[in-house]
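*Asks:* Structure file query.csv (CSV, C-alpha atoms and all ligand atoms) right here:
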```csv
chain,number,residue,atom,x,y,z
S,1,MET,CA,37.8,25.7,-30.1
S,2,PHE,CA,37.1,24.8,-26.5
S,3,ASP,CA,40.0,23.4,-24.6
S,4,ARG,CA,39.5,19.7,-23.6
S,5,SER,CA,41.1,20.0,-20.2
S,6,ARG,CA,38.8,23.0,-19.4
S,7,ARG,CA,35.9,20.9,-20.5
S,8,ARG,CA,36.9,18.2,-18.1
S,9,LEU,CA,37.2,20.7,-15.3
S,10,LEU,CA,33.7,22.0,-16.0
S,11,THR,CA,32.5,18.4,-16.1
S,12,ARG,CA,33.9,17.7,-12.7
S,13,ARG,CA,32.3,20.8,-11.3
S,14,ARG,CA,28.9,19.9,-12.5
S,15,LYS,CA,26.2,19.4,-9.9
S,16,PRO,CA,25.5,15.8,-9.1
S,17,ASP,CA,21.8,16.1,-10.0
S,18,LEU,CA,22.5,17.3,-13.5
S,19,GLN,CA,20.7,15.3,-16.2
S,20,ARG,CA,21.6,15.3,-19.8
S,21,MET,CA,19.0,14.8,-22.5
S,22,PRO,CA,17.6,11.4,-23.3
S,23,TRP,CA,19.6,9.2,-25.6
S,24,VAL,CA,22.8,11.2,-25.0
S,25,VAL,CA,26.1,9.4,-25.2
S,26,ASP,CA,28.5,9.1,-22.2
S,27,GLU,CA,29.3,12.3,-20.3
S,28,GLU,CA,32.9,12.6,-21.3
S,29,THR,CA,32.2,12.3,-25.0
S,30,PHE,CA,29.3,14.7,-24.6
S,31,THR,CA,31.4,17.5,-23.0
S,32,ASP,CA,34.2,16.9,-25.5
S,33,THR,CA,32.0,17.1,-28.5
S,34,CYS,CA,29.0,19.3,-27.7
S,35,THR,CA,29.6,22.8,-29.2
S,36,ARG,CA,26.9,24.4,-27.0
S,37,CYS,CA,25.1,25.6,-30.1
S,38,ASN,CA,21.7,25.6,-28.3
S,39,LYS,CA,19.9,23.7,-31.1
S,40,CYS,CA,18.6,21.1,-28.7
S,41,ILE,CA,17.4,23.8,-26.3
S,42,ASN,CA,15.5,25.5,-29.0
S,43,ALA,CA,14.0,22.3,-30.3
S,44,CYS,CA,12.6,20.9,-27.0
S,45,GLU,CA,8.9,20.9,-27.2
S,46,THR,CA,8.4,21.1,-23.4
S,47,GLN,CA,11.3,23.5,-23.0
S,48,ILE,CA,12.9,21.5,-20.2
S,49,ILE,CA,16.5,21.8,-21.7
S,50,ALA,CA,18.5,24.7,-20.3
S,51,LYS,CA,22.1,25.8,-20.2
S,52,GLY,CA,23.8,24.1,-17.4
S,53,ASP,CA,27.3,24.4,-16.0
S,54,GLY,CA,29.8,25.5,-18.5
S,55,GLY,CA,27.0,26.4,-20.9
S,56,PHE,CA,26.3,22.8,-21.7
S,57,PRO,CA,22.7,21.8,-22.1
S,58,ALA,CA,21.0,19.8,-19.4
S,59,VAL,CA,17.4,18.7,-18.6
S,60,ASP,CA,15.7,20.5,-15.7
S,61,PHE,CA,12.6,18.5,-14.6
S,62,GLN,CA,11.5,21.5,-12.5
S,63,ARG,CA,10.5,23.0,-15.9
S,64,GLY,CA,8.3,20.0,-16.9
S,65,GLU,CA,8.5,16.6,-18.4
S,66,CYS,CA,10.2,14.8,-21.3
S,67,THR,CA,7.8,13.5,-23.9
S,68,PHE,CA,10.6,11.5,-25.6
S,69,CYS,CA,9.8,13.3,-28.8
S,70,TYR,CA,13.4,13.0,-30.0
S,71,ARG,CA,13.5,16.6,-31.3
S,72,CYS,CA,16.6,17.4,-29.3
S,73,ALA,CA,18.4,14.5,-30.9
S,74,ASP,CA,17.1,15.3,-34.4
S,75,ALA,CA,18.3,19.0,-34.0
S,76,CYS,CA,21.8,18.1,-32.8
S,77,PRO,CA,24.4,18.5,-35.6
S,78,GLU,CA,26.9,16.4,-33.7
S,79,PRO,CA,27.0,12.6,-33.2
S,80,LEU,CA,25.8,12.9,-29.6
S,81,PHE,CA,22.6,11.0,-29.5
S,82,GLN,CA,21.9,7.3,-29.8
S,83,SER,CA,19.3,5.8,-32.0
S,84,LYS,CA,15.7,6.3,-31.0
S,85,SER,CA,15.4,2.5,-30.8
S,86,GLU,CA,17.7,2.5,-27.7
S,87,GLN,CA,16.4,3.1,-24.2
S,88,PRO,CA,16.3,6.9,-23.7
S,89,TRP,CA,17.7,6.8,-20.2
S,90,PRO,CA,17.5,4.5,-17.2
S,91,LEU,CA,15.6,7.0,-15.0
S,92,VAL,CA,12.7,6.3,-12.7
S,93,ALA,CA,11.0,8.6,-10.2
S,94,GLN,CA,11.7,8.2,-6.5
S,95,VAL,CA,9.5,9.6,-3.7
S,96,ASN,CA,11.7,10.9,-0.9
S,97,GLU,CA,11.1,11.6,2.8
S,98,GLY,CA,9.7,15.1,2.3
S,99,CYS,CA,6.5,13.6,0.8
S,100,LEU,CA,3.5,15.2,2.5
S,101,ALA,CA,1.4,12.1,2.4
S,102,GLN,CA,4.1,10.3,4.4
S,103,GLN,CA,3.6,12.9,7.0
S,104,ASN,CA,-0.1,12.3,7.1
S,105,ILE,CA,-0.9,15.4,5.0
S,106,GLU,CA,-3.3,14.7,2.2
S,107,CYS,CA,-1.7,15.1,-1.2
S,108,ARG,CA,-2.0,13.2,-4.5
S,109,SER,CA,-0.4,15.7,-6.8
S,110,CYS,CA,2.2,13.2,-8.3
S,111,GLY,CA,-0.4,10.5,-8.8
S,112,ASP,CA,-2.7,13.0,-10.6
S,113,ALA,CA,0.2,14.0,-12.9
S,114,CYS,CA,1.3,10.6,-13.9
S,115,GLU,CA,-0.4,9.6,-17.2
S,116,VAL,CA,0.7,6.0,-17.0
S,117,MET,CA,-0.5,5.6,-13.4
S,118,ALA,CA,2.9,4.5,-12.1
S,119,ILE,CA,2.1,6.1,-8.8
S,120,ARG,CA,-0.8,4.6,-6.9
S,121,PHE,CA,-2.0,5.6,-3.5
S,122,ARG,CA,-2.5,3.0,-0.9
S,123,LEU,CA,-4.7,3.7,2.1
S,124,GLN,CA,-3.0,3.4,5.5
S,125,VAL,CA,-4.8,2.5,8.7
S,126,GLY,CA,-5.2,5.6,10.7
S,127,GLY,CA,-3.4,7.8,8.1
S,128,VAL,CA,-3.7,9.3,4.7
S,129,ALA,CA,-3.1,7.4,1.5
S,130,ARG,CA,0.6,7.2,0.6
S,131,PRO,CA,2.2,7.0,-2.9
S,132,GLU,CA,3.7,3.8,-4.1
S,133,LEU,CA,5.8,3.9,-7.2
S,134,ASP,CA,5.7,1.0,-9.8
S,135,THR,CA,9.2,1.3,-11.3
S,136,SER,CA,8.3,-1.2,-14.1
S,137,THR,CA,5.5,1.2,-15.3
S,138,CYS,CA,7.4,4.5,-14.7
S,139,THR,CA,8.6,5.8,-18.1
S,140,GLY,CA,11.1,8.2,-16.5
S,141,CYS,CA,9.4,11.2,-18.0
S,142,GLY,CA,9.9,13.4,-14.9
S,143,GLY,CA,6.3,14.8,-15.1
S,144,CYS,CA,5.8,14.2,-11.4
S,145,VAL,CA,8.8,16.2,-10.2
S,146,SER,CA,7.7,19.8,-10.7
S,147,VAL,CA,4.1,19.2,-9.4
S,148,CYS,CA,5.2,18.0,-6.0
S,149,PRO,CA,4.6,20.8,-3.5
S,150,ALA,CA,7.2,19.5,-1.2
S,151,SER,CA,9.9,18.9,-3.9
S,152,ALA,CA,10.0,15.3,-2.6
S,153,ILE,CA,10.4,13.5,-6.0
S,154,THR,CA,13.8,13.0,-7.7
S,155,MET,CA,14.7,11.1,-10.8
S,156,VAL,CA,17.2,8.4,-10.2
S,157,SER,CA,19.0,5.8,-12.3
S,158,HIS,CA,17.2,2.5,-12.4
S,159,ASN,CA,20.6,0.8,-12.7
S,160,ASN,CA,22.5,2.6,-10.0
S,161,GLU,CA,19.7,3.7,-7.7
S,162,GLU,CA,21.1,7.2,-7.9
S,163,ASN,CA,21.4,9.7,-10.7
Y,1,LIG,S1,13.0,14.2,-26.2
Y,1,LIG,FE1,11.7,16.0,-26.6
Y,1,LIG,S2,10.8,16.6,-24.6
Y,1,LIG,FE2,12.6,15.2,-24.2
Y,1,LIG,S3,14.3,16.6,-23.8
Y,1,LIG,FE3,14.4,16.0,-26.0
Y,1,LIG,S4,13.2,17.6,-27.1
Y,1,LIG,FE4,12.7,17.8,-24.9
Y,2,LIG,S1,22.4,20.5,-30.3
Y,2,LIG,FE1,24.0,19.1,-29.9
Y,2,LIG,S2,25.9,20.3,-30.1
Y,2,LIG,FE2,24.2,21.7,-29.9
Y,2,LIG,S3,24.1,22.3,-27.7
Y,2,LIG,FE3,22.7,20.6,-28.1
Y,2,LIG,S4,23.8,18.7,-27.7
Y,2,LIG,FE4,25.3,20.4,-27.9
Y,3,LIG,S1,8.4,10.0,-14.0
Y,3,LIG,FE1,6.6,10.1,-15.3
Y,3,LIG,S2,5.9,7.9,-15.5
Y,3,LIG,FE2,7.3,8.0,-13.7
Y,3,LIG,S3,6.0,8.3,-11.9
Y,3,LIG,FE3,6.7,10.3,-12.6
Y,3,LIG,S4,5.0,11.1,-14.0
Y,3,LIG,FE4,4.8,8.8,-13.8
```
Any chance you could give the structure as structure tokens?

*Replies:*
Amino acid sequence: MFDRSRRRLLTRRRKPDLQRMPWVVDEETFTDTCTRCNKCINACETQIIAKGDGGFPAVDFQRGECTFCYRCADACPEPLFQSKSEQPWPLVAQVNEGCLAQQNIECRSCGDACEVMAIRFRLQVGGVARPELDTSTCTGCGGCVSVCPASAITMVSHNNEEN
């Protein structure tokens, strides 16, 4: 049995950019209940779930995108995931300062990777086209994160503007 106070300690220590799986309940319930059995990690079809701090599973968008297949939720033996009819998570992509195009270096990697075309490139007078994100179209899949050669894309909460 994993000590609850130790769980909380590990929770507090987690990195701020740590992202749980889609549909997961609140963080405190999660770390109190997750047995770290790895079933979600093994079930993920894009293998983006890995052991995070304390051995608890977390999503790493550097590994790829979430397809919202719900396999992690189906595989979990604990009551840790909401119904598939709920919003999976409030995430959207955010293009940060390191973006090459914003420094007049031609790059459209994120736009090419986005299947729903939430990233469009707008031509600039006297410069290269720059990405513009349509947050209403972005599904929060994270597929643009790992393809950015400048690591300039992060996933942020639509509600709080930060993850
Ligand atoms: S919904 Fe599917 S792709 Fe997304 S984290 Fe869960 S298992 Fe992986
Ligand atoms: S399947 Fe559920 S209990 Fe097992 S590690 Fe994943 S979230 Fe935790
Ligand atoms: S997170 Fe997914 S849907 Fe959103 S901009 Fe990136 S690739 Fe497109």

*Asks:* Give the residues close to ligand LIG 2 (chain Y), within 7 Å, counting only C-alpha atoms and all ligand atoms; write them as a PDB file with C-alpha atoms, keeping the file's coordinate frame.

*Replies:*
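out_36.pdb, written as the output of this step:
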```pdb
ATOM      1  CA  CYS S  34      29.000  19.300 -27.700  1.00  0.00           C
ATOM      2  CA  THR S  35      29.600  22.800 -29.200  1.00  0.00           C
ATOM      3  CA  ARG S  36      26.900  24.400 -27.000  1.00  0.00           C
ATOM      4  CA  CYS S  37      25.100  25.600 -30.100  1.00  0.00           C
ATOM      5  CA  ASN S  38      21.700  25.600 -28.300  1.00  0.00           C
ATOM      6  CA  LYS S  39      19.900  23.700 -31.100  1.00  0.00           C
ATOM      7  CA  CYS S  40      18.600  21.100 -28.700  1.00  0.00           C
ATOM      8  CA  ILE S  41      17.400  23.800 -26.300  1.00  0.00           C
ATOM      9  CA  PHE S  56      26.300  22.800 -21.700  1.00  0.00           C
ATOM     10  CA  PRO S  57      22.700  21.800 -22.100  1.00  0.00           C
ATOM     11  CA  CYS S  72      16.600  17.400 -29.300  1.00  0.00           C
ATOM     12  CA  ALA S  75      18.300  19.000 -34.000  1.00  0.00           C
ATOM     13  CA  CYS S  76      21.800  18.100 -32.800  1.00  0.00           C
ATOM     14  CA  PRO S  77      24.400  18.500 -35.600  1.00  0.00           C
ATOM     15  CA  GLU S  78      26.900  16.400 -33.700  1.00  0.00           C
ATOM     16  CA  LEU S  80      25.800  12.900 -29.600  1.00  0.00           C
TER      17      LEU S  80
END
```

*Asks:* If we draw a sphere of 12 Å around (4.0, 3.6, -18.9), which residues have at least one atom in it when counting only C-alpha atoms? Please report them as a list in words.

*Replies:* Thr67, Val92, Cys114, Glu115, Val116, Met117, Ala118, Ile119, Leu133, Asp134, Thr135, Ser136, Thr137, Cys138, Thr139, Gly140 and Cys141 of chain S

*Asks:* Which value, in Å to one decimal, gives the distance between CA of Ile153 in chain S and atom FE2 of ligand LIG 3 (chain Y)?

*Replies:*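 Interatomic distance, CA of Ile153 in chain S to atom FE2 of ligand LIG 3 (chain Y): 10.0 Å.
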
*Asks:* Please, what distance in Å, to one decimal, runs between atom FE3 of ligand LIG 1 (chain Y) and CA of Ala58 in chain S?

*Replies:*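 Interatomic distance, atom FE3 of ligand LIG 1 (chain Y) to CA of Ala58 in chain S: 10.1 Å.
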
*Asks:* Interatomic distance between CA of Pro22 in chain S and CA of Pro90 in chain S?

*Replies:*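 So the answer is 9.2 Å.
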
*Asks:* Check every protein, DNA and RNA residue against ligand LIG 1 (chain Y), keep those with an atom at most 9 Å away (counting all atoms listed in the file), and present them as a VMD selection string.

*Replies:* chain S and resid 20 to 23 40 to 49 58 to 59 64 to 75 88 141

*Asks:* Which is closest to Arg63 in chain S among S:Glu27, S:Ser85, S:Leu100, S:Ser146, if we use all atoms listed in the file?

*Replies:* S:Ser146

*Asks:* Counting all atoms listed in the file, which of S:Gly55, S:Glu86, S:Glu106, S:Leu91 gets nearest to ligand LIG 3 (chain Y)?

*Replies:* S:Leu91

*Asks:* If the box runs along x, y and z of the file and leaves 8 Å on each side of ligand LIG 3 (chain Y), what are its centre and edge lengths in Å, one decimal, as lines of an AutoDock Vina configuration file?

*Replies:*
```
center_x = 6.6
center_y = 9.5
center_z = -13.7
size_x = 19.6
size_y = 19.2
size_z = 19.6
```

*Asks:* Determine the nearest neighbour of Ala101 in chain S from the options S:Pro131, S:Asp60, S:Ser83, S:Ala113, counting all atoms listed in the file.

*Replies:*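 With all atoms listed in the file as the atom set, the closest residue is S:Pro131.
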
*Asks:* Nearest to ligand LIG 3 (chain Y): which of S:Leu123, S:Cys110, S:Val25, S:Val128 is it, counting only C-alpha atoms and all ligand atoms?

*Replies:*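 Under the stated criterion, the closest residue is S:Cys110.
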
*Asks:* Which is closer to ligand LIG 3 (chain Y) than all the others in S:Ala129, S:Gln94, S:Gln102, S:His158, using only C-alpha atoms and all ligand atoms?

*Replies:*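 Selected residue with least distance to ligand LIG 3 (chain Y): S:Gln94.
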
*Asks:* Go through S:Asp32, S:Val145, S:Asn104, S:Glu97 and flag the residue nearest Val125 in chain S, using all atoms listed in the file for the distances.

*Replies:*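 Residue with the minimum atom-to-atom distance to Val125 in chain S: S:Asn104.
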